[in-house]
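Colleague: Structure: my_file-v8.json, JSON, C-alpha atoms.
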```json
[["chain", "number", "residue", "atom", "x", "y", "z"],
["Z", 1, "MET", "CA", -23.38, 21.24, -66.47],
["Z", 2, "ALA", "CA", -23.56, 18.50, -69.06],
["Z", 3, "ASP", "CA", -25.81, 16.31, -66.99],
["Z", 4, "THR", "CA", -28.54, 17.26, -64.60],
["Z", 5, "VAL", "CA", -28.55, 14.98, -61.58],
["Z", 6, "THR", "CA", -31.15, 15.02, -58.88],
["Z", 7, "VAL", "CA", -29.44, 14.35, -55.53],
["Z", 8, "THR", "CA", -31.76, 12.50, -53.18],
["Z", 9, "GLY", "CA", -29.20, 11.78, -50.44],
["Z", 10, "GLN", "CA", -29.45, 7.97, -50.84],
["Z", 11, "PRO", "CA", -28.81, 5.84, -53.96],
["Z", 12, "ALA", "CA", -31.95, 4.12, -55.21],
["Z", 13, "PRO", "CA", -32.12, 0.59, -53.82],
["Z", 14, "GLU", "CA", -32.78, -0.86, -57.25],
["Z", 15, "ALA", "CA", -29.74, 0.96, -58.60],
["Z", 16, "LEU", "CA", -27.49, -0.46, -55.92],
["Z", 17, "ALA", "CA", -28.88, -3.90, -56.52],
["Z", 18, "ARG", "CA", -28.15, -3.89, -60.30],
["Z", 19, "PRO", "CA", -24.95, -5.51, -61.57],
["Z", 20, "GLY", "CA", -22.33, -3.03, -62.65],
["Z", 21, "LYS", "CA", -23.30, -0.43, -60.04],
["Z", 22, "LEU", "CA", -20.75, -1.64, -57.49],
["Z", 23, "ASP", "CA", -17.96, 0.33, -59.19],
["Z", 24, "GLU", "CA", -20.04, 3.50, -59.00],
["Z", 25, "LEU", "CA", -20.71, 2.92, -55.30],
["Z", 26, "MET", "CA", -17.01, 2.43, -54.69],
["Z", 27, "LEU", "CA", -16.30, 5.67, -56.54],
["Z", 28, "SER", "CA", -18.79, 7.54, -54.37],
["Z", 29, "MET", "CA", -17.12, 6.16, -51.26],
["Z", 30, "ASP", "CA", -13.71, 7.16, -52.62],
["Z", 31, "VAL", "CA", -14.96, 10.67, -53.18],
["Z", 32, "VAL", "CA", -16.12, 10.83, -49.56],
["Z", 33, "ASP", "CA", -12.82, 9.40, -48.38],
["Z", 34, "THR", "CA", -10.95, 12.04, -50.38],
["Z", 35, "LEU", "CA", -13.05, 14.77, -48.82],
["Z", 36, "ARG", "CA", -12.45, 13.35, -45.31],
["Z", 37, "HIS", "CA", -8.68, 13.43, -45.85],
["Z", 38, "GLN", "CA", -8.90, 17.02, -47.10],
["Z", 39, "GLU", "CA", -10.42, 18.19, -43.82],
["Z", 40, "SER", "CA", -9.54, 21.88, -44.23],
["Z", 41, "LEU", "CA", -10.97, 21.95, -47.74],
["Z", 42, "VAL", "CA", -14.17, 20.26, -46.66],
["Z", 43, "THR", "CA", -14.65, 22.55, -43.71],
["Z", 44, "ARG", "CA", -14.13, 25.67, -45.80],
["Z", 45, "GLU", "CA", -16.18, 24.69, -48.83],
["Z", 46, "LEU", "CA", -19.10, 22.92, -47.21],
["Z", 47, "ASP", "CA", -19.81, 25.81, -44.89],
["Z", 48, "ASP", "CA", -21.34, 27.62, -47.91],
["Z", 49, "ASP", "CA", -23.79, 25.68, -50.03],
["Z", 50, "ARG", "CA", -23.45, 28.28, -52.78],
["Z", 51, "ARG", "CA", -19.88, 27.24, -53.29],
["Z", 52, "GLU", "CA", -20.75, 23.56, -53.77],
["Z", 53, "GLN", "CA", -20.16, 23.83, -57.49],
["Z", 54, "GLU", "CA", -16.65, 25.14, -56.88],
["Z", 55, "LEU", "CA", -15.95, 22.15, -54.69],
["Z", 56, "LEU", "CA", -17.22, 19.84, -57.44],
["Z", 57, "ASP", "CA", -14.89, 21.51, -59.93],
["Z", 58, "ARG", "CA", -11.90, 21.03, -57.65],
["Z", 59, "LEU", "CA", -12.76, 17.36, -57.09],
["Z", 60, "ARG", "CA", -13.20, 16.85, -60.86],
["Z", 61, "SER", "CA", -9.78, 18.41, -61.49],
["Z", 62, "MET", "CA", -8.18, 16.35, -58.72],
["Z", 63, "TYR", "CA", -9.42, 13.03, -60.18],
["Z", 64, "LYS", "CA", -8.64, 14.11, -63.74],
["Z", 65, "SER", "CA", -5.05, 14.86, -62.75],
["Z", 66, "GLN", "CA", -4.85, 11.27, -61.48],
["Z", 67, "GLY", "CA", -6.24, 9.90, -64.72],
["Z", 68, "ILE", "CA", -9.53, 8.89, -63.18],
["Z", 69, "ASP", "CA", -12.75, 9.72, -65.03],
["Z", 70, "VAL", "CA", -15.49, 10.20, -62.44],
["Z", 71, "PRO", "CA", -19.03, 10.93, -63.71],
["Z", 72, "GLU", "CA", -20.56, 14.16, -62.53],
["Z", 73, "ARG", "CA", -23.41, 12.43, -60.71],
["Z", 74, "ILE", "CA", -20.90, 10.36, -58.73],
["Z", 75, "LEU", "CA", -19.12, 13.53, -57.62],
["Z", 76, "ILE", "CA", -22.43, 15.11, -56.60],
["Z", 77, "GLU", "CA", -23.47, 11.92, -54.80],
["Z", 78, "GLY", "CA", -20.14, 11.83, -52.96],
["Z", 79, "VAL", "CA", -20.42, 15.47, -51.85],
["Z", 80, "ARG", "CA", -23.95, 14.94, -50.60],
["Z", 81, "GLY", "CA", -22.95, 11.70, -48.94],
["Z", 82, "MET", "CA", -20.18, 13.51, -47.09],
["Z", 83, "LYS", "CA", -22.55, 16.23, -45.95],
["Z", 84, "GLU", "CA", -25.04, 13.60, -44.75],
["Z", 85, "SER", "CA", -22.27, 11.45, -43.20],
["Z", 86, "ARG", "CA", -23.65, 8.57, -45.21],
["Z", 87, "PHE", "CA", -20.36, 6.68, -45.39],
["Z", 88, "VAL", "CA", -19.13, 7.68, -41.92],
["Z", 89, "TYR", "CA", -19.69, 5.31, -39.09],
["Z", 90, "THR", "CA", -21.55, 6.89, -36.19],
["Z", 91, "PRO", "CA", -21.46, 4.83, -33.00],
["Z", 92, "PRO", "CA", -24.91, 4.00, -31.63],
["Z", 93, "PRO", "CA", -25.89, 5.64, -28.36],
["Z", 94, "PRO", "CA", -25.19, 3.66, -25.16],
["Z", 95, "SER", "CA", -27.87, 1.07, -24.39],
["Z", 96, "MET", "CA", -28.27, -2.42, -22.99],
["Z", 97, "GLY", "CA", -28.36, -3.82, -26.51],
["Z", 98, "VAL", "CA", -25.05, -2.13, -27.34],
["Z", 99, "LYS", "CA", -23.47, -3.51, -24.17],
["Z", 100, "LEU", "CA", -24.68, -7.02, -24.95],
["Z", 101, "ALA", "CA", -23.41, -6.71, -28.52],
["Z", 102, "LYS", "CA", -19.95, -5.63, -27.31],
["Z", 103, "ILE", "CA", -19.89, -8.53, -24.85],
["Z", 104, "TRP", "CA", -20.77, -10.93, -27.67],
["Z", 105, "VAL", "CA", -18.07, -9.49, -29.94],
["Z", 106, "ASN", "CA", -15.46, -9.77, -27.16],
["Z", 107, "ARG", "CA", -16.73, -13.11, -25.89],
["Z", 108, "GLY", "CA", -13.47, -14.87, -26.68],
["Z", 109, "ARG", "CA", -11.29, -12.49, -24.66],
["Z", 110, "ILE", "CA", -13.89, -12.22, -21.89],
["Z", 111, "GLY", "CA", -14.19, -16.00, -21.79],
["Z", 112, "SER", "CA", -10.42, -16.38, -21.46],
["Z", 113, "VAL", "CA", -10.23, -13.87, -18.60],
["Z", 114, "ALA", "CA", -13.26, -15.44, -16.94],
["Z", 115, "GLY", "CA", -11.69, -18.88, -17.31],
["Z", 116, "VAL", "CA", -8.48, -17.70, -15.65],
["Z", 117, "LEU", "CA", -10.41, -16.08, -12.81],
["Z", 118, "ILE", "CA", -12.54, -19.18, -12.31],
["Z", 119, "GLY", "CA", -9.39, -21.32, -12.35],
["Z", 120, "LEU", "CA", -7.72, -19.12, -9.73],
["Z", 121, "MET", "CA", -10.83, -19.18, -7.56],
["Z", 122, "ALA", "CA", -11.06, -22.96, -7.87],
["Z", 123, "ALA", "CA", -7.38, -23.35, -6.98],
["Z", 124, "ALA", "CA", -7.79, -21.06, -3.95],
["Z", 125, "TRP", "CA", -10.85, -22.96, -2.79],
["Z", 126, "LEU", "CA", -9.10, -26.30, -3.28],
["Z", 127, "GLY", "CA", -6.01, -25.10, -1.41],
["Z", 128, "TYR", "CA", -8.09, -23.76, 1.48],
["Z", 129, "SER", "CA", -10.07, -26.99, 1.59],
["Z", 130, "LEU", "CA", -6.99, -29.22, 1.60],
["Z", 131, "LEU", "CA", -4.71, -27.12, 3.81],
["Z", 132, "VAL", "CA", -7.17, -25.60, 6.27],
["Z", 133, "GLU", "CA", -10.62, -27.15, 6.30],
["Z", 134, "ARG", "CA", -9.63, -30.79, 5.86],
["Z", 135, "PRO", "CA", -6.96, -30.82, 8.63],
["Z", 136, "ALA", "CA", -9.41, -29.05, 10.93],
["Z", 137, "ARG", "CA", -12.13, -31.60, 10.19],
["Z", 138, "LEU", "CA", -9.69, -34.48, 10.72],
["Z", 139, "ALA", "CA", -8.53, -32.98, 14.03],
["Z", 140, "GLN", "CA", -12.12, -32.56, 15.18],
["Z", 141, "GLU", "CA", -12.92, -36.14, 14.22],
["Z", 142, "ARG", "CA", -9.84, -37.45, 16.04],
["Z", 143, "THR", "CA", -10.83, -35.51, 19.15],
["Z", 144, "ARG", "CA", -14.37, -36.83, 18.94],
["Z", 145, "VAL", "CA", -13.14, -40.42, 18.63],
["Z", 146, "GLU", "CA", -10.75, -39.92, 21.54],
["Z", 147, "LEU", "CA", -13.44, -38.46, 23.79],
["Z", 148, "THR", "CA", -16.10, -41.03, 22.95],
["Z", 149, "GLN", "CA", -14.12, -44.20, 22.23],
["Z", 150, "THR", "CA", -10.35, -44.35, 22.66],
["Z", 151, "ILE", "CA", -9.85, -42.68, 26.05],
["Z", 152, "PRO", "CA", -12.97, -44.18, 27.73],
["Z", 153, "ALA", "CA", -11.98, -47.69, 26.63],
["Z", 154, "SER", "CA", -8.40, -47.23, 27.87],
["Z", 155, "LEU", "CA", -9.59, -45.78, 31.19],
["Z", 156, "ASP", "CA", -11.87, -48.75, 31.81],
["Z", 157, "GLN", "CA", -9.11, -51.26, 31.01],
["Z", 158, "VAL", "CA", -6.38, -49.59, 33.08],
["Z", 159, "ARG", "CA", -8.71, -49.07, 36.06],
["Z", 160, "ALA", "CA", -9.71, -52.71, 35.94],
["Z", 161, "ASP", "CA", -6.04, -53.78, 35.84],
["Z", 162, "VAL", "CA", -5.13, -51.64, 38.85],
["Z", 163, "LEU", "CA", -8.08, -52.84, 40.94],
["Z", 164, "ALA", "CA", -7.29, -56.47, 40.06],
["Z", 165, "ASP", "CA", -3.65, -56.20, 41.19],
["Z", 166, "ALA", "CA", -3.96, -53.78, 44.11],
["Z", 167, "LYS", "CA", -3.53, -55.19, 47.62],
["Z", 168, "ALA", "CA", -3.88, -51.95, 49.55],
["Z", 169, "ASP", "CA", -6.86, -49.68, 49.99],
["Z", 170, "GLU", "CA", -4.76, -46.63, 49.23],
["Z", 171, "VAL", "CA", -4.08, -48.01, 45.76],
["Z", 172, "ASN", "CA", -7.79, -48.55, 45.10],
["Z", 173, "GLN", "CA", -8.64, -45.07, 46.33],
["Z", 174, "LYS", "CA", -5.99, -43.45, 44.18],
["Z", 175, "ALA", "CA", -7.13, -45.39, 41.11],
["Z", 176, "GLU", "CA", -10.78, -44.44, 41.64],
["Z", 177, "GLN", "CA", -9.92, -40.78, 42.11],
["Z", 178, "LEU", "CA", -7.90, -40.66, 38.87],
["Z", 179, "TYR", "CA", -10.69, -42.46, 37.01],
["Z", 180, "ALA", "CA", -13.35, -40.04, 38.32],
["Z", 181, "ASP", "CA", -11.23, -37.02, 37.35],
["Z", 182, "ALA", "CA", -10.79, -38.44, 33.85],
["Z", 183, "GLN", "CA", -14.53, -38.98, 33.45],
["Z", 184, "SER", "CA", -15.20, -35.37, 34.45],
["Z", 185, "ALA", "CA", -12.71, -34.19, 31.83],
["Z", 186, "LEU", "CA", -14.41, -36.32, 29.18],
["Z", 187, "LYS", "CA", -17.81, -34.84, 29.97],
["Z", 188, "ALA", "CA", -16.31, -31.34, 29.70],
["Z", 189, "GLY", "CA", -14.81, -32.21, 26.30],
["Z", 190, "ASP", "CA", -11.27, -31.62, 27.62],
["Z", 191, "ALA", "CA", -9.26, -34.30, 25.83],
["Z", 192, "ALA", "CA", -5.91, -33.02, 27.16],
["Z", 193, "ALA", "CA", -7.01, -33.28, 30.79],
["Z", 194, "ALA", "CA", -8.51, -36.71, 30.21],
["Z", 195, "LYS", "CA", -5.25, -37.92, 28.63],
["Z", 196, "ALA", "CA", -3.27, -36.58, 31.59],
["Z", 197, "ARG", "CA", -5.44, -38.55, 34.04],
["Z", 198, "LEU", "CA", -5.13, -41.64, 31.86],
["Z", 199, "SER", "CA", -1.32, -41.31, 31.86],
["Z", 200, "ALA", "CA", -1.32, -41.03, 35.66],
["Z", 201, "LEU", "CA", -3.52, -44.12, 35.93],
["Z", 202, "GLU", "CA", -1.18, -46.02, 33.60],
["Z", 203, "ALA", "CA", 1.79, -45.00, 35.74],
["Z", 204, "LEU", "CA", -0.07, -46.25, 38.80],
["Z", 205, "ARG", "CA", -0.69, -49.59, 37.09],
["Z", 206, "ALA", "CA", 3.00, -49.91, 36.21],
["Z", 207, "ASP", "CA", 3.92, -49.08, 39.81],
["Z", 208, "VAL", "CA", 1.46, -51.60, 41.22],
["Z", 209, "ARG", "CA", 2.68, -54.36, 38.92],
["Z", 210, "SER", "CA", 6.38, -53.69, 39.45],
["Z", 211, "THR", "CA", 8.43, -56.08, 41.55],
["Z", 212, "TYR", "CA", 12.00, -55.43, 42.65],
["Z", 213, "GLN", "CA", 14.47, -55.51, 45.48],
["Z", 214, "LEU", "CA", 16.35, -52.46, 46.75],
["Z", 215, "LEU", "CA", 20.03, -53.43, 46.78],
["Z", 216, "VAL", "CA", 22.91, -51.33, 48.06],
["Z", 217, "VAL", "CA", 25.34, -50.44, 45.25],
["Z", 218, "SER", "CA", 28.54, -52.43, 45.65],
["Z", 219, "ARG", "CA", 30.84, -51.87, 42.71],
["Z", 220, "PRO", "CA", 34.44, -50.69, 42.53],
["Z", 221, "GLY", "CA", 34.72, -46.95, 42.12],
["Z", 222, "GLU", "CA", 31.14, -46.28, 43.32],
["Z", 223, "ARG", "CA", 30.07, -45.08, 46.75],
["Z", 224, "SER", "CA", 27.72, -47.25, 48.77],
["Z", 225, "GLY", "CA", 26.73, -44.55, 51.25],
["Z", 226, "VAL", "CA", 27.05, -40.86, 52.14],
["Z", 227, "PHE", "CA", 26.10, -38.61, 55.03],
["Z", 228, "ARG", "CA", 24.83, -35.05, 54.99],
["Z", 229, "VAL", "CA", 24.70, -32.18, 57.45],
["Z", 230, "PRO", "CA", 21.23, -30.59, 57.14],
["Z", 231, "ASP", "CA", 21.20, -26.83, 56.49],
["Z", 232, "ARG", "CA", 18.46, -26.35, 59.08],
["Z", 233, "ASN", "CA", 20.24, -28.39, 61.76],
["Z", 234, "PRO", "CA", 24.04, -28.07, 61.48],
["Z", 235, "GLY", "CA", 24.52, -30.21, 64.61],
["Z", 236, "ALA", "CA", 22.87, -33.28, 63.07],
["Z", 237, "GLN", "CA", 23.85, -35.76, 60.36],
["Z", 238, "ASN", "CA", 21.68, -37.71, 57.91],
["Z", 239, "TYR", "CA", 22.87, -41.06, 56.63],
["Z", 240, "TYR", "CA", 22.06, -42.45, 53.19],
["Z", 241, "LEU", "CA", 22.69, -45.77, 51.46],
["Z", 242, "ILE", "CA", 22.97, -45.64, 47.65],
["Z", 243, "VAL", "CA", 20.55, -48.23, 46.26],
["Z", 244, "GLU", "CA", 19.23, -49.51, 42.92],
["Z", 245, "PRO", "CA", 15.98, -51.42, 42.13],
["Z", 246, "VAL", "CA", 16.70, -54.86, 40.68],
["Z", 247, "ALA", "CA", 13.92, -56.93, 39.07],
["Z", 248, "PRO", "CA", 13.64, -60.70, 39.53],
["Z", 249, "ASP", "CA", 15.35, -61.23, 36.16],
["Z", 250, "GLY", "CA", 18.35, -59.16, 37.32],
["Z", 251, "LYS", "CA", 17.47, -56.06, 35.28],
["Z", 252, "VAL", "CA", 18.01, -52.72, 36.98],
["Z", 253, "LEU", "CA", 14.79, -50.69, 36.71],
["Z", 254, "SER", "CA", 14.19, -46.97, 36.44],
["Z", 255, "ILE", "CA", 11.43, -45.58, 38.65],
["Z", 256, "PRO", "CA", 10.24, -42.10, 39.70],
["Z", 257, "VAL", "CA", 11.88, -40.79, 42.88],
["Z", 258, "THR", "CA", 11.35, -37.49, 44.74],
["Z", 259, "SER", "CA", 14.18, -35.87, 46.66],
["Z", 260, "GLU", "CA", 13.42, -34.87, 50.26],
["Z", 261, "GLU", "CA", 15.97, -32.06, 50.03],
["Z", 262, "ASP", "CA", 14.40, -29.96, 47.27],
["Z", 263, "SER", "CA", 11.20, -31.91, 46.34],
["Z", 264, "LYS", "CA", 12.44, -32.42, 42.80],
["Z", 265, "SER", "CA", 11.42, -35.64, 41.05],
["Z", 266, "ALA", "CA", 13.22, -37.74, 38.46],
["Z", 267, "VAL", "CA", 13.01, -41.17, 36.89],
["Z", 268, "THR", "CA", 16.24, -42.84, 37.91],
["Z", 269, "ASN", "CA", 17.83, -46.23, 38.47],
["Z", 270, "LYS", "CA", 19.92, -45.15, 41.48],
["Z", 271, "TRP", "CA", 19.29, -42.91, 44.48],
["Z", 272, "GLY", "CA", 20.10, -42.50, 48.17],
["Z", 273, "VAL", "CA", 17.79, -43.84, 50.90],
["Z", 274, "ARG", "CA", 18.02, -42.27, 54.35],
["Z", 275, "VAL", "CA", 18.62, -44.90, 57.04],
["Z", 276, "SER", "CA", 19.56, -44.93, 60.72],
["Z", 277, "LYS", "CA", 23.19, -44.57, 61.80],
["Z", 278, "GLN", "CA", 23.15, -48.18, 63.02],
["Z", 279, "VAL", "CA", 22.16, -49.55, 59.59],
["Z", 280, "TYR", "CA", 24.61, -47.22, 57.86],
["Z", 281, "ASP", "CA", 27.47, -48.36, 60.13],
["Z", 282, "ALA", "CA", 26.52, -52.06, 59.72],
["Z", 283, "VAL", "CA", 26.74, -51.81, 55.93],
["Z", 284, "GLY", "CA", 30.05, -49.96, 56.28],
["Z", 285, "ARG", "CA", 31.53, -52.73, 58.41],
["Z", 286, "ASP", "CA", 30.26, -55.38, 55.96],
["Z", 287, "LYS", "CA", 32.05, -53.67, 53.08],
["Z", 288, "GLN", "CA", 35.30, -53.14, 55.03],
["Z", 289, "ASP", "CA", 35.81, -56.88, 55.55],
["Z", 290, "ASP", "CA", 36.60, -57.77, 51.93],
["Z", 291, "GLY", "CA", 35.32, -54.83, 49.87],
["Z", 292, "ILE", "CA", 32.07, -56.65, 49.17],
["Z", 293, "ILE", "CA", 28.70, -56.06, 50.81],
["Z", 294, "GLN", "CA", 27.35, -59.51, 51.63],
["Z", 295, "ASN", "CA", 23.82, -58.43, 52.55],
["Z", 296, "ARG", "CA", 22.91, -55.80, 49.96],
["Z", 297, "ARG", "CA", 19.13, -56.00, 50.29],
["Z", 298, "ILE", "CA", 17.49, -53.35, 52.44],
["Z", 299, "GLY", "CA", 13.94, -53.52, 51.04],
["Z", 300, "GLU", "CA", 11.52, -55.18, 48.64],
["Z", 301, "LYS", "CA", 8.69, -53.88, 46.47],
["Z", 302, "LYS", "CA", 6.02, -56.56, 45.86],
["Z", 303, "ARG", "CA", 3.35, -56.70, 43.15],
["Z", 304, "GLY", "CA", 0.14, -55.05, 44.29],
["Z", 305, "ASP", "CA", 1.81, -52.67, 46.74],
["Z", 306, "LEU", "CA", 3.08, -49.15, 46.29],
["Z", 307, "ALA", "CA", 5.37, -48.95, 49.28],
["Z", 308, "VAL", "CA", 8.65, -50.75, 49.78],
["Z", 309, "GLN", "CA", 8.75, -53.24, 52.63],
["Z", 310, "TRP", "CA", 12.02, -52.67, 54.48],
["Z", 311, "THR", "CA", 14.14, -55.61, 55.45],
["Z", 312, "VAL", "CA", 16.33, -53.56, 57.81],
["Z", 313, "PRO", "CA", 15.26, -51.51, 60.84],
["Z", 314, "MET", "CA", 13.85, -48.20, 59.60],
["Z", 315, "PRO", "CA", 12.99, -45.90, 62.51],
["Z", 316, "ALA", "CA", 10.51, -43.05, 62.09],
["Z", 317, "GLY", "CA", 11.91, -40.20, 60.02],
["Z", 318, "THR", "CA", 13.93, -42.47, 57.73],
["Z", 319, "GLY", "CA", 13.15, -43.69, 54.22],
["Z", 320, "GLY", "CA", 13.55, -40.33, 52.52],
["Z", 321, "ALA", "CA", 15.50, -40.05, 49.27],
["Z", 322, "ILE", "CA", 18.16, -37.89, 47.63],
["Z", 323, "LEU", "CA", 19.04, -37.72, 43.94],
["Z", 324, "ASN", "CA", 22.51, -36.15, 44.15],
["Z", 325, "TRP", "CA", 25.51, -36.82, 46.35]]
```
Show me, as structure tokens, the structure contained in the file I just sent.
Modeller:
Amino acid sequence: MADTVTVTGQPAPEALARPGKLDELMLSMDVVDTLRHQESLVTRELDDDRREQELLDRLRSMYKSQGIDVPERILIEGVRGMKESRFVYTPPPPSMGVKLAKIWVNRGRIGSVAGVLIGLMAAAWLGYSLLVERPARLAQERTRVELTQTIPASLDQVRADVLADAKADEVNQKAEQLYADAQSALKAGDAAAAKARLSALEALRADVRSTYQLLVVSRPGERSGVFRVPDRNPGAQNYYLIVEPVAPDGKVLSIPVTSEEDSKSAVTNKWGVRVSKQVYDAVGRDKQDDGIIQNRRIGEKKRGDLAVQWTVPMPAGTGGAILNW
């Protein structure tokens, strides 16, 4: 060999630091890269240290054929560097430091994914809060206000109105019973039951305050009376006059009525009232004279009362109602 080179395995630090040595370092790395791409050659030749010189000769010829003049010491340094894996990256063993370093390197991608996940979680939380939690809280607050303020205030006012207008003890008793039932429902936190009792009390107030006359219907094309044969007593007949409640201003009212035939109730402005045969016949004769019933009134409902005061004889067992005829 023309030059004798002592291979130490690492270039001297001062040599690498001197200007002009960068090209030599790059040549050494190129030699290693050439060896790495000639994997079969490297495996065969480097298995026998005695054949290292033959490998150097082949590398020298390879570079010479490419017109590249590589100093002998660079070739030796490259061979040794390949054997020592000097220019080959070897991943560090797994450790917490390595994991943290990888997280830092990938912080941009991880941050983007984390941002998306946080955004989705925030949107889900916001949706749940707006669509589930908030309506539930509002409903609970409404119920609380109803139980502690709205319903109690309304109950007190309606009860006071009924007691002020009532003229009969039965009205007072009914009002007090409905009020007591509503108070029990409020204490139990049952808003629905309390509202139902309040509605019944309001209906009672409207009934107590109502004023009307019961007038027999007398219009062309409409019946003024009918009779029925009871299913349970085929030998008897029940007589009914068709009436309507007319307020003092002439308006026909609609009130709740319960049929005595099937116990069904309805709010109606016209129904049949069961009367005696004598009253039924008297109205019939009145209408036959000229087609007009002169005395249409058979009863009157006054303010403060619940029951109608009859203005015609109403024997026991009469006064029932029917809704169909």
Colleague: Pick out the closest residue to Ser154 in chain Z from this set: Z:Ala191, Z:Met62, Z:Val312, Z:Leu198. Count all atoms listed in the file.
Modeller: Z:Leu198
Colleague: Which residues come within 8 Å of Asn238 in chain Z, counting only C-alpha atoms, excluding same-chain residues fewer than 6 positions away, as a VMD selection string?
Modeller: chain Z and resid 227 to 230 274 to 275
Colleague: Please compute the CA of Val243 in chain Z-CA of Ala175 in chain Z distance, one decimal, in Å.
Modeller: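 It comes out at 28.3 Å.
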Colleague: Set the distance at 8 Å and use only C-alpha atoms: which residues neighbour range 270-273 of chain Z once local chain neighbours fewer than 6 positions away are removed? I'd like the list as a count of residues only.
Modeller: 16
Colleague: Hey, which of Z:Ile74, Z:Val246, Z:Thr148, Z:Gly189 ends up closest to Gly299 in chain Z? Count all atoms listed in the file.
Modeller: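 Once distances to Gly299 in chain Z are computed over all atoms listed in the file, the minimum belongs to Z:Val246.
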Colleague: Set the distance at 8 Å and use all atoms listed in the file: which residues neighbour Arg197 in chain Z once local chain neighbours fewer than 2 positions away are removed? I'd like the list as a list in words.
Modeller: Leu178, Tyr179, Asp181, Ala182, Ala193, Ala194, Lys195, Ser199, Ala200 and Leu201 of chain Z
Colleague: Export, as a short mmCIF file (atom, residue, chain, number, x, y, z; two decimals), keeping the file's coordinate frame, the selected residues with C-alpha atoms.
Modeller:
```cif
data_model
loop_
_atom_site.label_atom_id
_atom_site.label_comp_id
_atom_site.auth_asym_id
_atom_site.auth_seq_id
_atom_site.Cartn_x
_atom_site.Cartn_y
_atom_site.Cartn_z
CA LEU Z 178 -7.90 -40.66 38.87
CA TYR Z 179 -10.69 -42.46 37.01
CA ASP Z 181 -11.23 -37.02 37.35
CA ALA Z 182 -10.79 -38.44 33.85
CA ALA Z 193 -7.01 -33.28 30.79
CA ALA Z 194 -8.51 -36.71 30.21
CA LYS Z 195 -5.25 -37.92 28.63
CA SER Z 199 -1.32 -41.31 31.86
CA ALA Z 200 -1.32 -41.03 35.66
CA LEU Z 201 -3.52 -44.12 35.93
#
```
Colleague: In Å to one decimal, how far is CA of Leu163 in chain Z from CA of Ala188 in chain Z?
Modeller: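 Calculated distance between CA of Ala188 in chain Z and CA of Leu163 in chain Z is 25.6 Å.
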Colleague: Using only C-alpha atoms, determine which residues lie at most 10 Å from Pro248 in chain Z, disregarding the query and same-chain residues fewer than 4 positions distant; provide the list as a ChimeraX atom specification.
Modeller: /Z:211-213,252
Colleague: Select, from Z:Met314, Z:Arg303, Z:Glu72, Z:Val98, the residue with the minimum atom-to-atom distance to Val171 in chain Z, counting only C-alpha atoms.
Modeller: Z:Arg303
Colleague: Have a look at CA of Arg223 in chain Z and CA of Leu253 in chain Z and let me know their distance in Å, one decimal.
Modeller: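 Separating CA of Arg223 in chain Z from CA of Leu253 in chain Z is a distance of 19.1 Å.
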Colleague: Please return the centre and edge lengths, in Å to one decimal, of a box with edges along x, y and z that contains all listed atoms of range 108-114 of chain Z, widened by 8 Å on every side, as lines of an AutoDock Vina configuration file.
Modeller:
```
center_x = -12.2
center_y = -14.3
center_z = -21.8
size_x = 20.0
size_y = 20.2
size_z = 25.7
```
Colleague: Applying 10 Å and only C-alpha atoms, which residues near Lys301 in chain Z remain after dropping the ones on its own chain fewer than 3 positions away? List them as a list in words.
Modeller: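 Here the answer would be Asp207, Val208, Arg209, Ser210, Thr211, Tyr212, Gln213, Leu214, Pro245, Val246, Ala247, Gly304, Asp305, Leu306, Ala307, Val308, Gln309 and Trp310 of chain Z.
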Colleague: Rank nothing, just name the residue among Z:Val116, Z:Ala180, Z:Ala160, Z:Ala185 nearest to Glu202 in chain Z, using all atoms listed in the file.
Modeller: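 For Glu202 in chain Z, the nearest of the candidates is Z:Ala160.
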Colleague: For Val267 in chain Z, which of Z:Glu176, Z:Ile68, Z:Glu222, Z:Ala203 is the closest residue, counting all atoms listed in the file?
Modeller: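 Selected residue with least distance to Val267 in chain Z: Z:Ala203.
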